[in-house]
$ cat model34.txt   # compact mmCIF, C-alpha atoms
# COMPACT_ATOMS: atom_id res chain seq x y z
CA MET A 1 0.00 0.00 0.00
CA PRO A 2 1.47 3.41 -0.98
CA ALA A 3 2.54 5.61 1.93
CA ARG A 4 -0.06 8.28 1.16
CA TRP A 5 -2.85 5.68 1.25
CA ARG A 6 -1.62 4.40 4.62
CA ALA A 7 -1.57 7.96 5.92
CA ARG A 8 -5.14 8.57 4.77
CA TYR A 9 -6.26 5.24 6.21
CA ARG A 10 -4.84 6.17 9.61
CA LEU A 11 -6.92 9.36 9.55
CA VAL A 12 -10.17 7.43 9.18
CA PRO A 13 -11.86 7.21 12.62
CA TRP A 14 -12.27 3.75 14.14
CA TRP A 15 -16.04 3.89 14.04
CA ALA A 16 -16.03 4.55 10.28
CA LYS A 17 -13.79 1.51 9.74
CA VAL A 18 -16.09 -0.65 11.85
CA MET A 19 -19.15 0.60 9.98
CA ALA A 20 -17.44 -0.16 6.66
CA ILE A 21 -16.69 -3.72 7.82
CA TRP A 22 -20.25 -4.13 9.04
CA GLY A 23 -21.71 -2.75 5.80
CA LEU A 24 -19.60 -4.91 3.49
CA THR A 25 -20.28 -8.09 5.43
CA ARG A 26 -23.99 -7.35 5.53
CA VAL A 27 -23.98 -7.08 1.73
CA VAL A 28 -22.31 -10.50 1.50
CA THR A 29 -24.70 -12.08 4.01
CA THR A 30 -27.78 -10.51 2.42
CA THR A 31 -26.69 -11.86 -0.96
CA LEU A 32 -26.41 -15.37 0.47
CA VAL A 33 -29.82 -15.07 2.14
CA LEU A 34 -31.48 -13.86 -1.05
CA MET A 35 -29.88 -16.70 -3.01
CA LEU A 36 -31.39 -19.24 -0.64
CA ALA A 37 -34.75 -17.46 -0.54
CA SER A 38 -34.92 -17.61 -4.34
CA VAL A 39 -34.99 -21.42 -4.21
CA GLN A 40 -37.01 -21.79 -1.02
CA GLY A 41 -40.17 -23.83 -1.52
CA GLN A 42 -43.50 -23.26 0.17
CA ASN A 43 -43.30 -23.94 3.88
CA PRO A 44 -45.32 -23.37 7.08
CA TRP A 45 -44.15 -19.75 7.27
CA THR A 46 -43.89 -18.44 3.71
CA PRO A 47 -44.93 -19.10 0.12
CA ALA A 48 -42.33 -20.27 -2.38
CA LYS A 49 -39.55 -17.80 -3.19
CA PRO A 50 -40.39 -15.38 -0.35
CA GLY A 51 -39.16 -11.81 -0.14
CA TYR A 52 -36.36 -10.94 2.25
CA ALA A 53 -38.50 -9.77 5.20
CA ASP A 54 -40.72 -12.86 5.09
CA PHE A 55 -37.76 -15.21 4.74
CA ALA A 56 -35.95 -13.49 7.62
CA THR A 57 -38.89 -13.95 10.00
CA MET A 58 -39.44 -17.70 9.81
CA TRP A 59 -39.06 -20.29 12.56
CA ASP A 60 -39.08 -18.86 16.11
CA SER A 61 -39.70 -15.36 14.81
CA LEU A 62 -43.35 -16.41 14.70
CA TRP A 63 -43.29 -16.93 18.47
CA TYR A 64 -41.86 -13.45 18.98
CA ASN A 65 -44.61 -12.12 16.73
CA ILE A 66 -47.19 -13.91 18.86
CA VAL A 67 -45.73 -12.31 21.99
CA ALA A 68 -45.68 -8.86 20.38
CA VAL A 69 -49.30 -9.07 19.27
CA GLY A 70 -50.98 -11.28 21.87
CA GLY A 71 -48.72 -11.53 24.88
CA TYR A 72 -48.42 -14.67 27.02
CA PRO A 73 -51.02 -17.33 27.90
CA SER A 74 -52.40 -17.40 31.44
CA VAL A 75 -53.35 -21.04 30.91
CA LEU A 76 -50.59 -23.36 29.74
CA PRO A 77 -51.43 -25.57 26.74
CA VAL A 78 -51.46 -29.27 27.57
CA THR A 79 -50.75 -32.15 25.19
CA ALA A 80 -52.97 -35.20 24.82
CA ASP A 81 -50.82 -37.11 27.32
CA GLY A 82 -51.02 -34.35 29.93
CA HIS A 83 -47.71 -32.57 29.47
CA VAL A 84 -47.16 -28.83 28.99
CA GLY A 85 -46.87 -28.09 25.28
CA GLU A 86 -44.83 -25.54 23.38
CA ASN A 87 -45.96 -21.99 24.11
CA ALA A 88 -44.86 -18.36 24.20
CA TRP A 89 -43.39 -18.44 27.73
CA ALA A 90 -40.15 -19.80 26.24
CA PHE A 91 -39.61 -16.43 24.51
CA MET A 92 -38.71 -13.44 26.65
CA PRO A 93 -40.32 -10.05 26.08
CA GLY A 94 -37.40 -7.68 25.53
CA TYR A 95 -37.13 -8.02 21.76
CA PRO A 96 -40.84 -8.40 20.85
CA VAL A 97 -41.80 -5.48 23.11
CA LEU A 98 -39.27 -3.20 21.39
CA VAL A 99 -40.48 -4.31 17.96
CA ARG A 100 -44.11 -3.82 19.02
CA LEU A 101 -43.41 -0.26 20.18
CA LEU A 102 -41.85 0.58 16.82
CA MET A 103 -44.77 -1.06 15.02
CA LEU A 104 -47.16 1.20 16.92
CA LEU A 105 -45.03 4.27 16.19
CA THR A 106 -44.59 3.57 12.46
CA GLY A 107 -47.69 1.58 11.57
CA ALA A 108 -45.44 -0.97 9.85
CA ALA A 109 -45.90 -4.73 9.97
CA TRP A 110 -43.98 -7.16 12.15
CA GLU A 111 -41.64 -8.48 9.45
CA PRO A 112 -39.84 -5.29 8.34
CA VAL A 113 -39.71 -3.83 11.85
CA ALA A 114 -38.31 -7.03 13.35
CA VAL A 115 -35.58 -7.11 10.70
CA PHE A 116 -34.84 -3.40 11.21
CA VAL A 117 -34.39 -3.83 14.97
CA SER A 118 -32.04 -6.78 14.50
CA VAL A 119 -29.97 -5.00 11.85
CA ALA A 120 -29.71 -1.83 13.96
CA CYS A 121 -28.67 -3.83 17.02
CA SER A 122 -26.04 -5.65 14.97
CA LEU A 123 -24.44 -2.36 13.96
CA VAL A 124 -24.30 -1.18 17.57
CA THR A 125 -22.88 -4.55 18.57
CA ALA A 126 -20.09 -4.28 16.01
CA LEU A 127 -19.15 -0.81 17.31
CA LEU A 128 -19.24 -1.97 20.93
CA PHE A 129 -17.31 -5.14 20.09
CA TYR A 130 -14.45 -3.08 18.68
CA ARG A 131 -14.39 -1.08 21.91
CA LEU A 132 -14.43 -4.29 23.92
CA MET A 133 -11.61 -5.91 21.94
CA ARG A 134 -9.62 -2.70 22.01
CA ARG A 135 -9.34 -3.17 25.78
CA VAL A 136 -7.28 -6.33 25.19
CA GLN A 137 -5.98 -6.06 21.61
CA SER A 138 -4.22 -3.68 19.26
CA HIS A 139 -6.22 -1.55 16.84
CA SER A 140 -5.64 -3.79 13.79
CA THR A 141 -6.35 -6.99 15.71
CA ALA A 142 -9.53 -5.53 17.22
CA LEU A 143 -10.69 -4.53 13.74
CA PHE A 144 -10.11 -8.05 12.47
CA SER A 145 -12.03 -9.38 15.47
CA VAL A 146 -14.94 -7.28 14.20
CA VAL A 147 -14.50 -8.82 10.74
CA LEU A 148 -14.72 -12.30 12.25
CA PHE A 149 -17.82 -11.37 14.24
CA CYS A 150 -19.57 -9.88 11.21
CA ALA A 151 -18.59 -12.77 8.93
CA ALA A 152 -19.20 -15.60 11.42
CA PRO A 153 -21.33 -18.56 10.26
CA LEU A 154 -24.33 -17.44 12.31
CA SER A 155 -24.10 -13.76 11.37
CA PRO A 156 -27.26 -14.06 9.22
CA LEU A 157 -29.15 -14.15 12.53
CA LEU A 158 -27.96 -10.59 13.10
CA GLN A 159 -30.45 -9.52 10.44
CA PHE A 160 -33.26 -12.01 11.12
CA GLY A 161 -36.32 -11.63 13.34
CA TYR A 162 -34.67 -13.22 16.36
CA ALA A 163 -33.64 -11.73 19.73
CA GLU A 164 -29.97 -12.71 19.38
CA SER A 165 -28.86 -9.42 17.81
CA MET A 166 -30.37 -7.40 20.66
CA GLN A 167 -28.97 -9.85 23.22
CA LEU A 168 -25.43 -9.59 21.81
CA MET A 169 -25.65 -5.80 21.83
CA LEU A 170 -26.61 -5.76 25.50
CA LEU A 171 -24.07 -8.44 26.39
CA THR A 172 -21.22 -6.62 24.65
CA LEU A 173 -22.14 -3.43 26.48
CA ALA A 174 -22.28 -5.31 29.79
CA LEU A 175 -18.88 -6.93 29.25
CA LEU A 176 -17.39 -3.57 28.29
CA LEU A 177 -18.78 -2.00 31.47
CA VAL A 178 -17.22 -4.78 33.55
CA LEU A 179 -13.84 -4.24 31.92
CA GLU A 180 -14.21 -0.52 32.63
CA ARG A 181 -15.23 -1.33 36.24
CA ARG A 182 -18.49 0.62 35.92
CA TYR A 183 -20.57 -1.73 38.02
CA LEU A 184 -23.58 0.45 38.82
CA ALA A 185 -24.07 1.20 35.12
CA LEU A 186 -24.58 -2.55 34.64
CA VAL A 187 -27.91 -2.57 36.48
CA PRO A 188 -30.22 -1.31 33.68
CA VAL A 189 -28.28 -3.31 31.08
CA ILE A 190 -28.65 -6.53 33.06
CA PHE A 191 -32.32 -5.80 33.65
CA VAL A 192 -33.11 -5.60 29.92
CA MET A 193 -30.65 -8.32 28.90
CA ALA A 194 -32.12 -10.84 31.35
CA LEU A 195 -35.55 -10.22 29.84
CA THR A 196 -34.28 -10.54 26.27
CA ARG A 197 -32.55 -13.91 26.40
CA PRO A 198 -31.88 -16.19 29.42
CA THR A 199 -28.44 -14.88 30.42
CA GLY A 200 -29.07 -13.53 33.93
CA LEU A 201 -27.81 -16.60 35.81
CA ALA A 202 -24.75 -17.02 33.59
CA PHE A 203 -23.86 -13.34 34.00
CA ALA A 204 -24.36 -13.61 37.77
CA LEU A 205 -21.86 -16.49 37.86
CA PHE A 206 -19.47 -14.46 35.73
CA LEU A 207 -19.70 -11.47 38.08
CA ALA A 208 -19.20 -13.71 41.10
CA LEU A 209 -16.04 -15.17 39.53
CA HIS A 210 -14.94 -11.67 38.51
CA VAL A 211 -15.33 -10.39 42.09
CA GLY A 212 -13.52 -13.45 43.43
CA HIS A 213 -10.62 -12.96 41.05
CA ARG A 214 -10.35 -9.24 41.82
CA TRP A 215 -10.39 -9.97 45.55
CA TYR A 216 -7.77 -12.72 45.16
CA SER A 217 -5.47 -10.42 43.16
CA ARG A 218 -6.14 -7.26 45.21
CA ALA A 219 -2.49 -7.07 46.30
CA ARG A 220 -1.50 -6.37 42.68
CA ASN A 221 -4.66 -4.56 41.63
CA PRO A 222 -6.43 -2.74 44.49
CA PHE A 223 -10.08 -3.71 45.03
CA PRO A 224 -11.52 -1.39 47.70
CA ALA A 225 -14.18 -2.94 49.93
CA ARG A 226 -16.78 -0.38 48.85
CA ILE A 227 -16.35 -1.29 45.18
CA ALA A 228 -16.31 -4.99 46.04
CA ARG A 229 -19.66 -4.62 47.81
CA THR A 230 -21.10 -2.80 44.79
CA ALA A 231 -19.89 -5.45 42.34
CA SER A 232 -21.18 -8.22 44.59
CA ALA A 233 -24.59 -6.56 44.86
CA VAL A 234 -24.80 -6.30 41.07
CA ALA A 235 -23.94 -10.00 40.83
CA VAL A 236 -26.81 -10.80 43.19
CA PHE A 237 -29.10 -8.54 41.15
CA SER A 238 -28.16 -10.45 38.00
CA GLY A 239 -28.99 -13.72 39.74
CA VAL A 240 -32.38 -12.33 40.79
CA MET A 241 -33.06 -11.21 37.24
CA GLY A 242 -32.09 -14.67 36.02
CA LEU A 243 -34.95 -16.06 38.11
CA ALA A 244 -37.40 -13.21 37.44
CA TRP A 245 -38.88 -14.61 34.23
CA PRO A 246 -39.60 -18.10 35.61
CA ALA A 247 -41.10 -16.39 38.68
CA LEU A 248 -43.34 -14.20 36.52
CA ALA A 249 -44.49 -17.23 34.53
CA TRP A 250 -45.37 -18.87 37.86
CA VAL A 251 -47.37 -15.83 39.01
CA VAL A 252 -49.33 -15.52 35.76
CA THR A 253 -50.05 -19.21 35.14
CA GLY A 254 -50.19 -20.50 38.71
CA SER A 255 -47.65 -23.22 37.89
CA MET A 256 -44.31 -22.98 39.69
CA THR A 257 -42.63 -24.88 36.85
CA ALA A 258 -44.37 -23.12 33.97
CA TYR A 259 -41.17 -21.82 32.40
CA THR A 260 -39.07 -24.96 32.80
CA ASP A 261 -41.95 -27.20 31.68
CA THR A 262 -42.32 -25.04 28.59
CA GLU A 263 -38.62 -25.24 27.80
CA LEU A 264 -38.61 -29.00 28.34
CA SER A 265 -41.41 -29.42 25.82
CA TRP A 266 -38.99 -28.54 23.02
CA ARG A 267 -36.68 -31.44 23.83
CA SER A 268 -39.53 -33.95 24.16
CA ALA A 269 -39.29 -34.77 20.45
CA TYR A 270 -35.83 -36.20 21.17
CA ILE A 271 -36.00 -37.88 24.59
CA GLY A 272 -39.63 -37.53 25.66
CA TYR A 273 -40.84 -35.57 28.67
CA GLN A 274 -38.38 -35.67 31.55
CA GLU A 275 -37.57 -33.63 34.63
CA LEU A 276 -34.91 -30.93 34.43
CA VAL A 277 -31.84 -32.41 36.14
CA PRO A 278 -28.87 -30.00 35.92
CA PHE A 279 -25.77 -31.18 34.04
CA THR A 280 -27.45 -34.22 32.50
CA ALA A 281 -28.89 -32.91 29.21
CA TRP A 282 -25.59 -32.90 27.30
CA PHE A 283 -25.01 -36.54 28.18
CA GLN A 284 -28.62 -37.40 27.26
CA SER A 285 -28.10 -35.67 23.94
CA GLY A 286 -24.79 -37.41 23.37
CA VAL A 287 -26.43 -40.79 23.88
CA TRP A 288 -29.37 -39.83 21.64
CA TRP A 289 -27.09 -38.75 18.81
CA LEU A 290 -24.21 -41.23 19.14
CA GLY A 291 -25.36 -43.99 21.48
CA GLN A 292 -23.58 -45.57 24.42
CA PRO A 293 -20.74 -45.17 25.33
CA VAL A 294 -19.60 -42.98 22.42
CA GLY A 295 -22.06 -40.20 23.29
CA ILE A 296 -20.83 -39.97 26.88
CA LEU A 297 -17.18 -40.02 25.83
CA ALA A 298 -17.82 -37.37 23.18
CA VAL A 299 -19.28 -34.96 25.76
CA ILE A 300 -16.37 -35.57 28.14
CA ALA A 301 -13.90 -34.97 25.30
CA LEU A 302 -15.71 -31.75 24.38
CA ILE A 303 -15.51 -30.51 27.98
CA LEU A 304 -11.80 -31.32 28.18
CA ALA A 305 -11.12 -29.66 24.82
CA PHE A 306 -12.94 -26.49 25.84
CA THR A 307 -11.07 -26.40 29.15
CA GLY A 308 -7.76 -26.80 27.37
CA ALA A 309 -8.63 -24.07 24.86
CA MET A 310 -9.12 -21.60 27.71
CA PHE A 311 -5.40 -21.91 28.51
CA THR A 312 -4.01 -21.54 24.99
CA PRO A 313 -1.93 -18.40 24.40
CA TRP A 314 -4.37 -16.78 21.97
CA VAL A 315 -7.33 -17.21 24.32
CA ARG A 316 -5.33 -16.15 27.37
CA GLY A 317 -4.49 -12.98 25.47
CA LEU A 318 -8.16 -11.96 25.75
CA GLY A 319 -7.67 -11.38 29.46
CA VAL A 320 -9.17 -12.95 32.56
CA ASP A 321 -12.61 -11.36 32.39
CA LEU A 322 -13.56 -12.43 28.87
CA ARG A 323 -12.38 -15.96 29.62
CA LEU A 324 -14.41 -15.99 32.83
CA TRP A 325 -17.48 -15.01 30.84
CA ALA A 326 -16.89 -17.82 28.33
CA VAL A 327 -16.48 -20.33 31.15
CA SER A 328 -19.56 -19.05 33.01
CA TYR A 329 -21.77 -19.22 29.95
CA ALA A 330 -20.41 -22.66 29.02
CA LEU A 331 -21.26 -23.93 32.52
CA TYR A 332 -24.75 -22.49 32.20
CA LEU A 333 -25.31 -24.28 28.89
CA LEU A 334 -23.86 -27.48 30.31
CA ALA A 335 -26.30 -27.25 33.21
CA VAL A 336 -29.56 -26.61 31.37
CA PHE A 337 -29.32 -26.98 27.58
CA PHE A 338 -30.10 -30.04 25.46
CA PRO A 339 -27.84 -29.90 22.38
CA GLN A 340 -29.49 -30.18 18.97
CA SER A 341 -29.50 -28.06 15.81
CA SER A 342 -30.04 -24.79 17.70
CA THR A 343 -26.79 -25.41 19.62
CA PHE A 344 -24.94 -23.17 17.18
CA ARG A 345 -27.29 -20.28 17.97
CA LEU A 346 -27.04 -20.87 21.72
CA LEU A 347 -23.24 -20.62 21.49
CA MET A 348 -23.38 -17.09 20.06
CA PRO A 349 -22.91 -15.29 23.42
CA MET A 350 -19.40 -16.80 23.53
CA PHE A 351 -18.47 -14.69 20.51
CA PRO A 352 -15.68 -12.74 22.31
CA LEU A 353 -13.60 -15.89 21.81
CA LEU A 354 -13.46 -14.93 18.13
CA GLY A 355 -10.85 -12.43 19.25
CA ALA A 356 -8.45 -15.34 19.74
CA LEU A 357 -8.72 -16.21 16.04
CA ALA A 358 -7.84 -12.61 15.16
CA VAL A 359 -4.35 -12.72 16.69
CA PRO A 360 -2.22 -13.88 13.70
CA HIS A 361 -1.28 -10.97 11.43
CA SER A 362 -0.65 -13.00 8.27
CA ILE A 363 -2.71 -11.58 5.40
CA LEU A 364 -3.11 -15.06 3.91
CA TYR A 365 -4.35 -16.43 7.25
CA ARG A 366 -6.86 -13.65 7.66
CA VAL A 367 -8.22 -13.99 4.13
CA VAL A 368 -8.56 -17.78 4.43
CA VAL A 369 -10.27 -17.59 7.85
CA THR A 370 -12.70 -14.91 6.66
CA LEU A 371 -13.61 -16.88 3.54
CA ALA A 372 -14.04 -20.05 5.62
CA LEU A 373 -16.44 -18.24 7.93
CA ILE A 374 -18.46 -16.93 4.99
CA CYS A 375 -18.68 -20.48 3.63
CA GLY A 376 -19.88 -21.44 7.09
CA GLN A 377 -22.72 -18.94 6.69
CA TRP A 378 -23.92 -20.74 3.60
CA GLY A 379 -23.63 -24.07 5.35
CA TRP A 380 -25.63 -22.88 8.35
CA LEU A 381 -28.30 -21.31 6.13
CA LEU A 382 -28.69 -24.59 4.23
CA LEU A 383 -28.65 -26.77 7.33
CA CYS A 384 -30.71 -24.75 9.78
CA TRP A 385 -32.59 -21.91 8.13
CA GLY A 386 -33.80 -23.15 4.77
CA VAL A 387 -36.84 -25.43 5.07
CA ASP A 388 -36.80 -28.71 3.18
CA GLY A 389 -40.08 -30.56 3.67
CA ALA A 390 -40.67 -31.70 7.25
CA ASP A 391 -37.50 -30.01 8.47
CA TRP A 392 -36.26 -31.11 11.90
CA THR A 393 -33.21 -28.84 12.15
CA PRO A 394 -34.59 -25.59 13.63
CA PRO A 395 -32.05 -22.79 13.99
$ encode --input "model34.txt" --output "structure tokens"
Amino acid sequence: MPARWRARYRLVPWWAKVMAIWGLTRVVTTTLVLMLASVQGQNPWTPAKPGYADFATMWDSLWYNIVAVGGYPSVLPVTADGHVGENAWAFMPGYPVLVRLLMLLTGAAWEPVAVFVSVACSLVTALLFYRLMRRVQSHSTALFSVVLFCAAPLSPLLQFGYAESMQLMLLTLALLLVLERRYLALVPVIFVMALTRPTGLAFALFLALHVGHRWYSRARNPFPARIARTASAVAVFSGVMGLAWPALAWVVTGSMTAYTDTELSWRSAYIGYQELVPFTAWFQSGVWWLGQPVGILAVIALILAFTGAMFTPWVRGLGVDLRLWAVSYALYLLAVFFPQSSTFRLLMPMFPLLGALAVPHSILYRVVVTLALICGQWGWLLLCWGVDGADWTPP
């Protein structure tokens, strides 16, 4: 690159560079989505060859639409064999309420407004993610971290009618506030985030580990008692918010287990109706997919591999706090989630780990990794988003 071009590039503000990355990757992703929509057959959500807004609001977007228009049932639906069936309580109100407010203000329909909210949140997330990575990385590496985030295999969800884009925006802001030690400012962010996607308990664990680490290392990095009390109180608040939605479902429906019963109904197609026993679902899933004993061994190997990855140099370079978040969220998923095709989507809150892939400065490496991620987008769209007959791979 000529010297004068490098000089001009350095004068471009960071936010303009991030917006350029976001814009270019959104063009690529939108092109892939439109290509798949052009060959999409008729399905339960759309006619054949749907337009972008209709195609982007399939699957669980319908549930968010139901919440936005009709709210939540006071009487839980029951299946023929007496179990709680799938219903809107599995979908938290943060995203559909925001979309509903904009629908009332603009008079527009659910589909375009839902897409607009997700796209807008994705832009804010990209800007915040640069700021977050800049706390632990150089400028060029942080920018490439943004490239990886915007080009990641599940980045189409950032412009679909799902709550993930809003959740990642709030999560990135929350993590940034923790790194900046602005604990009180976390309270409103946690409040909305815990009512957007179920992250309150995982974030409470993260804050508890964060406080513990700061207290343990207080000789090197002072941690005054007053600040420790504030951070601890915010951790407790996050835990309370993590239980607030199940408690509200209990109050409205009269069933103490309304929320968990609703969530369990989604896994009944795989293993039938069972009680929620923490830290068993991954092993149940492993056996369902791979059988005994391979399924059990596969889950153990996955846990060991993830643990080892947390201590690799590239991941350690992200700093203690971002690693603690990844561990906390991984433990939360291990405790409550039944892995199936939506596993990829449920892993999205661990996206700060993409920063580890951004460390090498080789141009060839960065081009190959970016292209591989874009190919992953097409693979995920084909596997999980496009509907092929009686599709059993929901995103």
$ closest_residue --input "model34.txt" --among "A:Thr141, A:Val320, A:Tyr329, A:Ala185" --to "Leu357 of chain A" --atoms "only C-alpha atoms"
A:Thr141
$ closest_residue --input "model34.txt" --among "A:Gln284, A:Gln340, A:Ser61, A:Ser145" --to "Ala356 of chain A" --atoms "all atoms listed in the file"
A:Ser145
$ closest_residue --input "model34.txt" --among "A:Trp288, A:Tyr273, A:Trp282, A:Trp22" --to "Leu148 of chain A" --atoms "only C-alpha atoms"
A:Trp22
$ closest_residue --input "model34.txt" --among "A:Leu62, A:Met103, A:Ala247, A:Val84" --to "Arg267 of chain A" --atoms "all atoms listed in the file"
A:Val84
$ residues_around --input "model34.txt" --residues "segment 335-338 of chain A" --least-positions-apart "3" --cutoff "7 Å" --atoms "all atoms listed in the file" --output "VMD selection string"
chain A and resid 267 278 to 279 281 to 282 285 331 to 332
$ atom_distance --input "model34.txt" --atom1 "atom CA of Met193 of chain A" --atom2 "atom CA of Met19 of chain A"
23.9 Å
$ atom_distance --input "model34.txt" --atom1 "atom CA of Gly85 of chain A" --atom2 "atom CA of Ser268 of chain A"
9.5 Å
$ atom_distance --input "model34.txt" --atom1 "atom CA of Ser342 of chain A" --atom2 "atom CA of Ala163 of chain A"
13.7 Å
$ residues_around --input "model34.txt" --residues "Gly295 of chain A" --least-positions-apart "5" --cutoff "7 Å" --atoms "only C-alpha atoms" --output "ChimeraX atom specification"
/A:283,286-287,289-290
$ closest_residue --input "model34.txt" --among "A:Arg182, A:Arg131, A:Arg8, A:Arg345" --to "Thr393 of chain A" --atoms "all atoms listed in the file"
A:Arg345
$ residues_around --input "model34.txt" --residues "Trp380 of chain A" --least-positions-apart "6" --cutoff "10 Å" --atoms "all atoms listed in the file" --output "list in words"
Pro153, Leu154, Ser155, Pro156, Ser341, Phe344, Ile374, Gly386 and Pro395 of chain A
$ closest_residue --input "model34.txt" --among "A:Val211, A:Leu201, A:Leu11, A:Leu302" --to "Ala244 of chain A" --atoms "all atoms listed in the file"
A:Leu201
$ residues_around --input "model34.txt" --residues "Met348 of chain A" --least-positions-apart "3" --cutoff "12 Å" --atoms "all atoms listed in the file" --output "PyMOL selection string"
chain A and resi 149+152-158+163-169+171-172+197+199+326+329-330+333+342-345+351-354
$ residues_around --input "model34.txt" --residues "Gly82 of chain A" --least-positions-apart "5" --cutoff "12 Å" --atoms "only C-alpha atoms" --output "list in words"
Leu76, Pro77, Asp261, Ser265 and Tyr273 of chain A
$ residues_near_point --input "model34.txt" --point "(-41.1, -7.1, 9.6)" --cutoff "9 Å" --atoms "all atoms listed in the file" --output "list in words"
Ala53, Asp54, Ala56, Thr57, Val99, Met103, Ala108, Ala109, Trp110, Glu111, Pro112, Val113, Ala114, Val115, Phe116 and Gly161 of chain A
$ axis_aligned_box --input "model34.txt" --around "segment 358-362 of chain A" --padding-each-side "6 Å" --output "JSON"
{"center_x": -4.2, "center_y": -12.4, "center_z": 12.5, "size_x": 19.2, "size_y": 14.9, "size_z": 20.4}
$ residues_near_point --input "model34.txt" --point "(-26.1, -8.6, 41.4)" --cutoff "10 Å" --atoms "all atoms listed in the file" --output "ChimeraX atom specification"
/A:183-184,186-187,190,200-201,203-205,207-208,229-241
